[in-house]
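The file model-v5.cif comes next; it holds mmCIF, C-alpha atoms and all ligand atoms.
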```
data_coords
loop_
_atom_site.label_atom_id
_atom_site.label_comp_id
_atom_site.auth_asym_id
_atom_site.auth_seq_id
_atom_site.Cartn_x
_atom_site.Cartn_y
_atom_site.Cartn_z
CA MET A 1 20.59 -72.07 -179.84
CA ALA A 2 21.51 -69.33 -177.37
CA THR A 3 23.20 -70.40 -174.15
CA MET A 4 22.08 -67.52 -171.92
CA MET A 5 18.64 -66.23 -170.97
CA LYS A 6 16.98 -63.44 -169.01
CA ALA A 7 15.52 -64.37 -165.63
CA ALA A 8 13.96 -62.45 -162.71
CA VAL A 9 15.82 -63.50 -159.56
CA PHE A 10 15.48 -62.82 -155.84
CA VAL A 11 18.48 -60.73 -154.79
CA GLU A 12 17.56 -59.61 -151.27
CA LYS A 13 14.55 -58.33 -149.34
CA ASN A 14 12.62 -55.85 -151.54
CA ARG A 15 14.89 -56.56 -154.54
CA ILE A 16 14.05 -58.73 -157.53
CA GLU A 17 16.17 -58.10 -160.62
CA VAL A 18 16.37 -59.31 -164.20
CA VAL A 19 19.76 -60.97 -164.79
CA ASP A 20 21.46 -63.20 -167.38
CA LYS A 21 21.57 -66.88 -166.49
CA PRO A 22 22.64 -69.98 -168.41
CA ILE A 23 19.81 -71.86 -170.12
CA PRO A 24 19.62 -75.10 -168.08
CA ASP A 25 20.71 -78.52 -169.36
CA VAL A 26 17.93 -81.02 -169.94
CA GLY A 27 18.09 -84.25 -167.91
CA PRO A 28 16.32 -87.44 -168.99
CA ASN A 29 13.07 -86.70 -167.10
CA ASP A 30 13.00 -82.95 -167.77
CA ALA A 31 11.54 -80.71 -170.44
CA LEU A 32 12.88 -77.29 -171.33
CA ILE A 33 9.99 -74.87 -171.91
CA ARG A 34 10.34 -71.56 -173.71
CA ILE A 35 8.05 -69.29 -171.71
CA THR A 36 5.57 -67.32 -173.81
CA THR A 37 3.52 -65.95 -170.87
CA THR A 38 3.88 -66.11 -167.11
CA THR A 39 2.57 -64.02 -164.23
CA ILE A 40 3.19 -62.81 -160.68
CA CYS A 41 1.45 -64.47 -157.73
CA GLY A 42 0.71 -63.06 -154.28
CA THR A 43 3.19 -65.64 -152.99
CA ASP A 44 5.92 -64.00 -155.11
CA VAL A 45 5.16 -60.74 -153.31
CA HIS A 46 5.74 -62.54 -149.98
CA ILE A 47 9.11 -63.63 -151.41
CA LEU A 48 9.92 -60.09 -152.58
CA LYS A 49 9.13 -58.69 -149.13
CA GLY A 50 11.36 -61.28 -147.48
CA GLU A 51 8.37 -62.90 -145.71
CA TYR A 52 8.89 -66.24 -147.43
CA PRO A 53 12.55 -67.27 -147.66
CA VAL A 54 14.11 -68.49 -150.89
CA ALA A 55 17.76 -68.78 -151.96
CA GLN A 56 19.52 -65.70 -153.22
CA GLY A 57 19.73 -65.82 -157.01
CA LEU A 58 16.74 -68.14 -157.41
CA THR A 59 14.51 -67.40 -160.40
CA ILE A 60 11.03 -66.54 -159.09
CA GLY A 61 7.61 -67.49 -160.50
CA HIS A 62 5.56 -70.66 -160.73
CA GLU A 63 2.94 -70.14 -163.46
CA PRO A 64 4.28 -71.31 -166.84
CA VAL A 65 2.65 -71.09 -170.27
CA GLY A 66 4.98 -71.89 -173.16
CA VAL A 67 6.32 -74.12 -175.88
CA ILE A 68 8.40 -77.29 -175.52
CA GLU A 69 11.91 -76.37 -176.62
CA LYS A 70 13.64 -79.65 -175.74
CA LEU A 71 12.47 -82.94 -174.27
CA GLY A 72 14.47 -85.22 -171.99
CA SER A 73 15.30 -88.64 -173.45
CA ALA A 74 12.85 -90.46 -171.14
CA VAL A 75 9.87 -88.15 -171.70
CA MET A 76 7.34 -89.76 -174.05
CA GLY A 77 4.14 -88.61 -175.72
CA TYR A 78 5.01 -84.97 -176.37
CA THR A 79 6.62 -83.16 -179.29
CA GLU A 80 9.04 -80.28 -179.38
CA GLY A 81 7.22 -77.12 -180.44
CA GLN A 82 4.02 -78.17 -178.67
CA ARG A 83 2.22 -75.53 -176.56
CA VAL A 84 1.96 -76.63 -172.93
CA ILE A 85 1.42 -75.54 -169.38
CA ALA A 86 2.66 -77.17 -166.18
CA GLY A 87 1.15 -76.82 -162.75
CA ALA A 88 2.69 -74.46 -160.21
CA ILE A 89 3.10 -77.60 -158.15
CA CYS A 90 5.18 -80.29 -159.86
CA PRO A 91 5.19 -83.52 -157.84
CA ASN A 92 6.94 -86.53 -159.33
CA PHE A 93 4.08 -88.75 -158.13
CA ASN A 94 6.46 -91.48 -156.88
CA SER A 95 6.17 -90.67 -153.19
CA TYR A 96 4.13 -92.14 -150.37
CA ALA A 97 2.50 -88.69 -150.18
CA ALA A 98 1.40 -88.80 -153.81
CA GLN A 99 0.15 -92.37 -153.60
CA ASP A 100 -1.64 -91.45 -150.38
CA GLY A 101 -3.64 -88.81 -152.25
CA ALA A 102 -1.58 -85.77 -151.25
CA PRO A 103 0.79 -85.22 -154.19
CA SER A 104 1.33 -81.54 -153.39
CA GLN A 105 3.09 -82.69 -150.19
CA ASP A 106 5.52 -84.85 -152.20
CA GLY A 107 8.96 -85.12 -150.64
CA SER A 108 10.19 -87.91 -152.87
CA TYR A 109 12.91 -86.08 -154.75
CA LEU A 110 14.49 -84.52 -151.68
CA ILE A 111 17.75 -85.91 -150.39
CA PRO A 112 16.91 -88.26 -147.51
CA GLN A 113 17.04 -86.35 -144.26
CA GLY A 114 15.20 -86.72 -141.00
CA LEU A 115 11.73 -88.16 -141.23
CA CYS A 116 11.05 -86.97 -144.76
CA GLY A 117 13.08 -89.64 -146.50
CA CYS A 118 13.47 -89.96 -150.23
CA HIS A 119 10.02 -91.47 -150.74
CA GLY A 120 8.13 -89.50 -148.16
CA PHE A 121 6.00 -86.55 -147.22
CA LYS A 122 7.31 -83.00 -147.02
CA ALA A 123 4.78 -80.22 -146.47
CA THR A 124 4.54 -78.00 -149.58
CA ALA A 125 7.49 -79.76 -151.29
CA GLY A 126 5.51 -80.40 -154.46
CA TRP A 127 6.00 -76.66 -154.96
CA ARG A 128 9.35 -76.51 -156.71
CA PHE A 129 9.25 -73.64 -159.27
CA GLY A 130 10.49 -70.42 -157.73
CA ASN A 131 10.75 -72.10 -154.33
CA LEU A 132 13.28 -74.94 -154.49
CA ILE A 133 14.31 -74.76 -158.16
CA ASP A 134 14.48 -71.96 -160.73
CA GLY A 135 11.03 -70.68 -161.64
CA THR A 136 9.08 -69.33 -164.57
CA GLN A 137 9.76 -65.57 -164.66
CA ALA A 138 12.42 -66.21 -167.28
CA GLU A 139 12.83 -66.92 -170.98
CA TYR A 140 13.11 -70.65 -170.27
CA VAL A 141 12.18 -72.97 -167.42
CA LEU A 142 13.14 -76.57 -166.78
CA VAL A 143 10.07 -78.67 -165.90
CA PRO A 144 11.09 -81.60 -163.69
CA ASP A 145 9.33 -84.95 -164.03
CA ALA A 146 7.88 -83.64 -167.25
CA GLN A 147 5.96 -86.81 -168.12
CA ALA A 148 3.78 -86.26 -165.04
CA ASN A 149 3.54 -82.50 -165.27
CA LEU A 150 3.30 -81.25 -168.87
CA ALA A 151 -0.22 -80.60 -170.13
CA PRO A 152 -0.82 -79.73 -173.81
CA ILE A 153 -2.94 -76.61 -174.39
CA PRO A 154 -6.14 -77.36 -176.38
CA ASP A 155 -6.23 -75.76 -179.84
CA GLY A 156 -7.84 -72.36 -179.94
CA LEU A 157 -7.06 -71.27 -176.38
CA THR A 158 -4.84 -68.22 -175.91
CA ASP A 159 -2.03 -67.95 -173.36
CA GLU A 160 -4.16 -65.52 -171.34
CA GLN A 161 -7.08 -67.96 -171.22
CA VAL A 162 -4.94 -70.69 -169.63
CA LEU A 163 -2.64 -68.47 -167.55
CA MET A 164 -4.75 -68.99 -164.40
CA CYS A 165 -4.70 -72.80 -164.68
CA PRO A 166 -1.25 -73.57 -163.18
CA ASP A 167 -2.02 -71.91 -159.83
CA ILE A 168 -4.91 -69.47 -159.37
CA MET A 169 -7.70 -71.57 -160.84
CA SER A 170 -6.32 -74.83 -159.46
CA THR A 171 -6.02 -73.36 -155.95
CA GLY A 172 -9.32 -71.44 -156.02
CA PHE A 173 -11.25 -74.44 -157.31
CA LYS A 174 -9.60 -76.65 -154.69
CA GLY A 175 -11.00 -74.31 -152.06
CA ALA A 176 -14.49 -74.89 -153.43
CA GLU A 177 -13.91 -78.64 -153.82
CA ASN A 178 -12.64 -78.92 -150.23
CA ALA A 179 -15.74 -77.06 -149.04
CA ARG A 180 -17.78 -80.13 -150.11
CA ILE A 181 -20.38 -77.90 -151.76
CA ARG A 182 -23.74 -79.44 -152.56
CA ILE A 183 -26.41 -78.13 -154.93
CA GLY A 184 -28.39 -75.48 -153.07
CA ASP A 185 -25.69 -74.61 -150.55
CA THR A 186 -25.01 -71.16 -149.14
CA VAL A 187 -21.30 -70.38 -149.31
CA VAL A 188 -19.26 -67.37 -148.27
CA VAL A 189 -15.86 -66.58 -149.75
CA PHE A 190 -13.63 -64.28 -147.69
CA ALA A 191 -11.36 -62.11 -149.87
CA GLN A 192 -11.79 -61.62 -153.61
CA GLY A 193 -8.23 -61.48 -154.86
CA PRO A 194 -7.50 -63.71 -157.86
CA ILE A 195 -7.72 -66.93 -155.81
CA GLY A 196 -10.86 -65.87 -153.95
CA LEU A 197 -12.48 -64.97 -157.28
CA CYS A 198 -11.70 -68.45 -158.59
CA ALA A 199 -13.10 -69.97 -155.39
CA THR A 200 -16.28 -67.96 -156.02
CA ALA A 201 -16.44 -69.26 -159.60
CA GLY A 202 -15.75 -72.81 -158.37
CA ALA A 203 -18.56 -72.59 -155.80
CA ARG A 204 -20.94 -71.55 -158.59
CA LEU A 205 -19.85 -74.44 -160.84
CA LEU A 206 -20.33 -76.90 -157.98
CA GLY A 207 -23.94 -75.81 -157.48
CA ALA A 208 -24.00 -73.36 -154.56
CA SER A 209 -27.14 -71.26 -154.95
CA THR A 210 -26.27 -68.40 -152.60
CA ILE A 211 -22.67 -67.22 -152.82
CA ILE A 212 -21.62 -64.30 -150.62
CA ALA A 213 -18.37 -62.59 -151.59
CA VAL A 214 -16.51 -60.51 -148.99
CA ASP A 215 -13.74 -57.96 -149.64
CA GLY A 216 -12.81 -54.38 -148.80
CA ASN A 217 -12.42 -53.35 -152.44
CA ASP A 218 -15.60 -52.50 -154.39
CA HIS A 219 -13.90 -53.05 -157.75
CA ARG A 220 -13.05 -56.61 -156.75
CA LEU A 221 -16.59 -57.13 -155.47
CA ASP A 222 -17.93 -56.07 -158.89
CA ILE A 223 -15.71 -58.69 -160.55
CA ALA A 224 -16.91 -61.22 -157.95
CA LYS A 225 -20.46 -60.72 -159.25
CA LYS A 226 -19.26 -61.50 -162.77
CA MET A 227 -17.57 -64.64 -161.44
CA GLY A 228 -20.73 -65.93 -159.81
CA ALA A 229 -21.33 -64.15 -156.48
CA ASP A 230 -25.00 -63.49 -155.67
CA LEU A 231 -24.34 -61.06 -152.81
CA THR A 232 -21.32 -58.94 -151.95
CA LEU A 233 -20.28 -57.45 -148.62
CA ASN A 234 -17.65 -54.75 -148.18
CA PHE A 235 -16.22 -55.28 -144.69
CA LYS A 236 -15.43 -51.58 -144.48
CA ASN A 237 -19.15 -50.74 -144.58
CA CYS A 238 -20.71 -53.42 -142.39
CA ASP A 239 -20.18 -56.06 -139.73
CA VAL A 240 -19.71 -59.04 -142.01
CA VAL A 241 -20.52 -61.70 -139.41
CA ASP A 242 -23.78 -59.96 -138.40
CA GLU A 243 -24.80 -59.48 -142.04
CA ILE A 244 -24.18 -63.11 -142.94
CA MET A 245 -26.11 -64.35 -139.93
CA LYS A 246 -29.00 -62.08 -141.02
CA ILE A 247 -28.83 -63.33 -144.61
CA THR A 248 -28.92 -66.95 -143.41
CA ARG A 249 -31.61 -66.17 -140.77
CA GLY A 250 -29.28 -67.23 -138.02
CA ARG A 251 -28.57 -70.62 -139.55
CA GLY A 252 -25.02 -69.91 -140.70
CA VAL A 253 -23.48 -70.86 -144.04
CA ASP A 254 -22.97 -74.42 -145.23
CA ALA A 255 -19.36 -73.66 -146.10
CA SER A 256 -16.90 -70.79 -145.73
CA ILE A 257 -13.86 -70.39 -147.92
CA GLU A 258 -10.97 -68.35 -146.52
CA ALA A 259 -8.76 -66.96 -149.29
CA LEU A 260 -6.47 -64.46 -147.57
CA GLY A 261 -4.63 -65.92 -144.58
CA THR A 262 -5.33 -63.61 -141.63
CA GLN A 263 -6.68 -64.09 -138.11
CA SER A 264 -9.72 -61.91 -138.79
CA THR A 265 -10.82 -63.65 -142.01
CA PHE A 266 -10.23 -67.09 -140.48
CA GLU A 267 -12.18 -66.13 -137.37
CA SER A 268 -15.07 -64.67 -139.39
CA ALA A 269 -15.12 -67.76 -141.61
CA LEU A 270 -15.53 -69.94 -138.51
CA SER A 271 -18.01 -67.60 -136.82
CA VAL A 272 -20.54 -67.73 -139.69
CA LEU A 273 -20.31 -71.50 -140.18
CA LYS A 274 -23.33 -73.66 -139.37
CA PRO A 275 -22.81 -76.59 -137.01
CA GLY A 276 -21.55 -79.42 -139.22
CA GLY A 277 -20.29 -76.98 -141.86
CA THR A 278 -16.89 -76.86 -143.54
CA LEU A 279 -14.26 -74.13 -143.31
CA SER A 280 -12.07 -74.49 -146.40
CA SER A 281 -8.87 -72.52 -145.88
CA LEU A 282 -6.69 -71.40 -148.81
CA GLY A 283 -4.81 -68.47 -147.27
CA VAL A 284 -1.08 -68.42 -146.63
CA TYR A 285 -0.79 -67.48 -142.94
CA SER A 286 2.24 -65.72 -141.55
CA SER A 287 1.54 -65.97 -137.81
CA ASP A 288 -0.14 -68.28 -135.29
CA LEU A 289 -3.91 -68.55 -135.43
CA THR A 290 -6.22 -68.34 -132.43
CA ILE A 291 -9.46 -70.28 -132.58
CA PRO A 292 -12.26 -68.51 -130.65
CA LEU A 293 -14.02 -70.89 -128.29
CA GLY A 294 -17.58 -69.74 -129.09
CA ALA A 295 -17.21 -70.01 -132.87
CA PHE A 296 -15.54 -73.39 -132.36
CA ALA A 297 -18.52 -74.53 -130.25
CA ALA A 298 -15.97 -75.63 -127.65
CA GLY A 299 -14.85 -78.30 -130.11
CA LEU A 300 -18.31 -79.92 -130.30
CA GLY A 301 -19.75 -78.32 -133.46
CA ASP A 302 -18.98 -81.10 -135.97
CA HIS A 303 -17.08 -78.48 -137.98
CA ARG A 304 -14.55 -79.53 -140.58
CA ILE A 305 -11.52 -77.29 -141.08
CA VAL A 306 -9.57 -78.19 -144.24
CA THR A 307 -6.37 -76.66 -145.63
CA ALA A 308 -4.93 -76.96 -149.12
CA LEU A 309 -1.96 -76.40 -151.35
CA CYS A 310 -2.58 -75.94 -155.07
CA PRO A 311 -3.02 -79.31 -156.84
CA GLY A 312 -0.68 -79.91 -159.77
CA GLY A 313 -0.03 -82.59 -162.38
CA LYS A 314 -1.06 -83.01 -166.00
CA GLU A 315 -4.50 -84.48 -165.27
CA ARG A 316 -5.46 -81.57 -163.01
CA MET A 317 -4.23 -79.14 -165.70
CA ARG A 318 -6.13 -81.03 -168.45
CA ARG A 319 -9.38 -80.77 -166.47
CA LEU A 320 -8.94 -77.06 -165.75
CA MET A 321 -8.17 -76.24 -169.39
CA ASN A 322 -11.24 -78.29 -170.31
CA VAL A 323 -13.36 -76.03 -168.12
CA VAL A 324 -11.95 -73.01 -169.99
CA ALA A 325 -12.35 -74.64 -173.43
CA SER A 326 -15.99 -75.49 -172.69
CA GLY A 327 -16.74 -71.82 -172.05
CA ARG A 328 -17.98 -72.51 -168.50
CA ILE A 329 -15.76 -69.73 -167.21
CA ASP A 330 -13.73 -66.88 -168.70
CA LEU A 331 -10.66 -66.11 -166.65
CA GLY A 332 -9.16 -63.95 -169.38
CA LEU A 333 -10.91 -61.00 -167.72
CA MET A 334 -8.63 -61.43 -164.71
CA VAL A 335 -5.57 -60.55 -166.81
CA THR A 336 -5.71 -56.79 -166.49
CA HIS A 337 -2.17 -55.71 -167.42
CA GLN A 338 0.72 -56.82 -169.61
CA PHE A 339 4.47 -56.28 -169.13
CA LYS A 340 7.64 -57.40 -170.85
CA LEU A 341 9.89 -59.60 -168.71
CA GLU A 342 12.55 -56.88 -168.71
CA ASP A 343 10.00 -54.55 -167.05
CA ILE A 344 8.97 -57.03 -164.36
CA VAL A 345 10.18 -54.81 -161.51
CA ALA A 346 7.52 -52.27 -162.51
CA ALA A 347 4.99 -55.11 -162.72
CA TYR A 348 5.84 -56.14 -159.13
CA GLU A 349 5.39 -52.55 -158.02
CA LEU A 350 1.93 -52.32 -159.61
CA PHE A 351 0.80 -55.78 -158.49
CA SER A 352 2.03 -55.62 -154.91
CA ASN A 353 0.36 -52.25 -154.33
CA GLN A 354 -2.87 -53.32 -156.10
CA ARG A 355 -2.74 -50.17 -158.21
CA ASP A 356 -4.90 -49.37 -161.23
CA GLY A 357 -7.47 -52.13 -160.67
CA VAL A 358 -4.86 -54.84 -161.23
CA LEU A 359 -5.87 -58.47 -160.77
CA LYS A 360 -3.21 -60.42 -162.68
CA VAL A 361 -0.42 -59.28 -164.97
CA ALA A 362 0.72 -61.16 -168.07
CA ILE A 363 4.53 -61.20 -168.26
CA LYS A 364 5.93 -61.80 -171.75
CA PRO A 365 9.62 -62.65 -172.24
ZN ZN A 401 1.04 -68.83 -156.54
#
```
Reformat the file's structure so that it appears as structure tokens.
Ligand SMILES: [Zn+2]
Amino acid sequence: MATMMKAAVFVEKNRIEVVDKPIPDVGPNDALIRITTTTICGTDVHILKGEYPVAQGLTIGHEPVGVIEKLGSAVMGYTEGQRVIAGAICPNFNSYAAQDGAPSQDGSYLIPQGLCGCHGFKATAGWRFGNLIDGTQAEYVLVPDAQANLAPIPDGLTDEQVLMCPDIMSTGFKGAENARIRIGDTVVVFAQGPIGLCATAGARLLGASTIIAVDGNDHRLDIAKKMGADLTLNFKNCDVVDEIMKITRGRGVDASIEALGTQSTFESALSVLKPGGTLSSLGVYSSDLTIPLGAFAAGLGDHRIVTALCPGGKERMRRLMNVVASGRIDLGLMVTHQFKLEDIVAAYELFSNQRDGVLKVAIKP
């Protein structure tokens, strides 16, 4: 077997390059995956722009679809050559955080330091690929704690059909799940990028009967209709808060899902929420938020504000692939472009500027 591989690494602000790297050694709890398809996430664009810090030389990417090349000696129940995915978030499930129901906040594998400790909580530390360890925009990736994180792909599903499962679908659905949607609910989803589109689809699957999709891009709003939105609002053409209050006859929505991470979307999501409603936040924010007193009902509105990081683990991945296999949803239509790994710089350029109707790009080593 070859000893070197191609990998897209963070070099410096505004510079990601494809370089040669050694193929990693496989420890007892690891699995080496040969990547057949991966993709670029909005979070990777934050990394590219220097807005989210990672180590120089780190391989970027956290959405793996591939084939097991080599299994660690302690990893049972899989075979080499098997097609698998792993979640973008790879907890080891041994931590207090995981056993407390928050595996994405797993700090268990970190060297003991401060209050985190080696069994403890560390915000976002379940996110390892392309953040703390080498990621998936490469020919091979090492999956840590593979027994907990490898999920076999059901027969008959293509790479493209499961490419959204590791992150986009898991995160978007979590936004709908956290919104505590009940049959008959009215739900608004702010921003219809890939994650917002999956939140829209998740709201539909959970039984919302009026789903309002908000974005500034008409093409994305058209896709939102295909994903389950009943009504769409382009914020460039209307006052979104006024429109939603009209649609709900002044009642407000049962739940708002925020899928961008800005002051204005967060504020609108709170402003249209009924008393007792839930604001489910998915966005990655890059500055302090201000909570407007009126929308917050001075703290007396029985509102729930919930945040989330993408859920990972093999059971989450199994369920998501089951949704795809059952035909309940087709996320293949979100994969709009394909690039070879060696051309990934061009893929970043297209994706980060939202050119040519791009939603997600398939990257093939
Ligand atoms: Zn992501």
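Here the question is which of A:Ala325, A:Leu279, A:Ala88, A:Ile363 gets nearest to ligand ZN 401 (chain A) using only C-alpha atoms and all ligand atoms, and that residue is A:Ala88.
Residues of protein, DNA or RNA lying at most 10 Å from ligand ZN 401 (chain A), when all atoms listed in the file are considered, are Thr39, Ile40, Cys41, Gly42, Thr43, Asp44, Val45, Gly61, His62, Glu63, Ala88, Ile89, Trp127, Phe129, Gly130, Met164, Pro166, Asp167, Ile168, Ser170, Thr171, Ile195, Leu309 and Cys310 of chain A.
Across A:Ala179, A:Val143, A:Ala208, A:Ala203, the tightest approach to A:Gly277 is made by A:Ala179 when counting all atoms listed in the file.
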Pick from A:Gly135, A:Pro28, A:Gly72, A:Gly77 nearest to A:Thr59, counting only C-alpha atoms: A:Gly135
Which centre and edge lengths in Å to one decimal define the box along x, y and z that fits every listed atom of stretch 63-71 of chain A plus 5 Å per side, as lines of an AutoDock Vina configuration file?
```
center_x = 8.1
center_y = -76.5
center_z = -170.0
size_x = 21.0
size_y = 22.8
size_z = 23.2
```
Nearest to A:Ile85, chosen from A:Ser286, A:Thr38, A:Thr200, A:Thr336, with all atoms listed in the file counted in the distances: A:Thr38
Test item: residues at most 8 Å from A:Met334, only C-alpha atoms, excluding those fewer than 5 positions along its chain, as a PyMOL selection string: chain A and resi 194+359-360
For the selection just defined, write its residues with C-alpha atoms to a file, as a PDB file, in the coordinates of the input.
```pdb
ATOM      1  CA  PRO A 194      -7.500 -63.710-157.860  1.00  0.00           C
ATOM      2  CA  LEU A 359      -5.870 -58.470-160.770  1.00  0.00           C
ATOM      3  CA  LYS A 360      -3.210 -60.420-162.680  1.00  0.00           C
TER       4      LYS A 360
END
```
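Atom CA of A:Arg34 to atom CA of A:Lys6 spans 11.5 Å [interatomic distance, one decimal].
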Atomic separation - atom CA of A:Asp134 relative to atom CA of A:Ala8, Å: 9.7 Å
Proximity to A:Leu231 - best of A:Ala176, A:Leu289, A:Val189, A:Ala347, all atoms listed in the file: A:Val189
Local residues around (-3.0, -62.6, -168.8), at most 7 Å away, using all atoms listed in the file, as a PyMOL selection string: chain A and resi 160+163+332+335-336+338+360-362
Near-A:Val9 list (9 Å; only C-alpha atoms; drop same-chain fewer than 6 positions) as number ranges by chain: A: 15-19, 56-60, 130, 134-135, 137-138
Selected residue, from A:Val11, A:Leu150, A:Val84, A:Leu331, that lies nearest to A:Lys49 when counting all atoms listed in the file: A:Val11
Counting only C-alpha atoms, I want the residues whose atoms come within 8 Å of (11.9, -60.4, -149.9) in the file frame, returned as an mmCIF file with C-alpha atoms, in the coordinates of the input.
```cif
data_model
loop_
_atom_site.group_PDB
_atom_site.id
_atom_site.type_symbol
_atom_site.label_atom_id
_atom_site.label_comp_id
_atom_site.auth_asym_id
_atom_site.auth_seq_id
_atom_site.Cartn_x
_atom_site.Cartn_y
_atom_site.Cartn_z
ATOM 1 C CA PHE A 10 15.480 -62.820 -155.840
ATOM 2 C CA GLU A 12 17.560 -59.610 -151.270
ATOM 3 C CA LYS A 13 14.550 -58.330 -149.340
ATOM 4 C CA ASN A 14 12.620 -55.850 -151.540
ATOM 5 C CA ARG A 15 14.890 -56.560 -154.540
ATOM 6 C CA VAL A 45 5.160 -60.740 -153.310
ATOM 7 C CA HIS A 46 5.740 -62.540 -149.980
ATOM 8 C CA ILE A 47 9.110 -63.630 -151.410
ATOM 9 C CA LEU A 48 9.920 -60.090 -152.580
ATOM 10 C CA LYS A 49 9.130 -58.690 -149.130
ATOM 11 C CA GLY A 50 11.360 -61.280 -147.480
ATOM 12 C CA GLU A 51 8.370 -62.900 -145.710
ATOM 13 C CA TYR A 52 8.890 -66.240 -147.430
ATOM 14 C CA PRO A 53 12.550 -67.270 -147.660
#
```
Near-stretch 259-275 of chain A list (9 Å; all atoms listed in the file; drop same-chain fewer than 3 positions) as an MDAnalysis selection string: chainID A and resid 172 175 188:193 195:196 199 240:242 244:245 250:256 278:292 294:297 300:303 305
d(atom CA of A:Tyr348, atom CA of A:Gln161) in Å: 21.3 Å
Residue neighbourhood stretch 90-99 of chain A, 12 Å, all atoms listed in the file, exclusion window fewer than 4 positions, as JSON, numbers by chain: {"A": [29, 30, 62, 63, 64, 85, 86, 103, 104, 105, 106, 107, 108, 109, 110, 116, 117, 118, 119, 120, 121, 122, 123, 124, 125, 126, 127, 128, 129, 130, 131, 132, 133, 135, 142, 143, 144, 145, 146, 147, 148, 149, 150, 151, 166, 167, 309, 310, 311, 312, 313, 314, 315, 316, 317]}
Close residues, A:Met321 itself excluded, 8 Å, only C-alpha atoms, min 3 positions apart in chain, as a PyMOL selection string: chain A and resi 153-154+162+165+317-318+324-325
Could you turn the residues from that selection into a file that holds C-alpha atoms, as a short mmCIF file (atom, residue, chain, number, x, y, z; two decimals), keeping the file's coordinate frame?
```
data_model
loop_
_atom_site.label_atom_id
_atom_site.label_comp_id
_atom_site.auth_asym_id
_atom_site.auth_seq_id
_atom_site.Cartn_x
_atom_site.Cartn_y
_atom_site.Cartn_z
CA ILE A 153 -2.94 -76.61 -174.39
CA PRO A 154 -6.14 -77.36 -176.38
CA VAL A 162 -4.94 -70.69 -169.63
CA CYS A 165 -4.70 -72.80 -164.68
CA MET A 317 -4.23 -79.14 -165.70
CA ARG A 318 -6.13 -81.03 -168.45
CA VAL A 324 -11.95 -73.01 -169.99
CA ALA A 325 -12.35 -74.64 -173.43
#
```
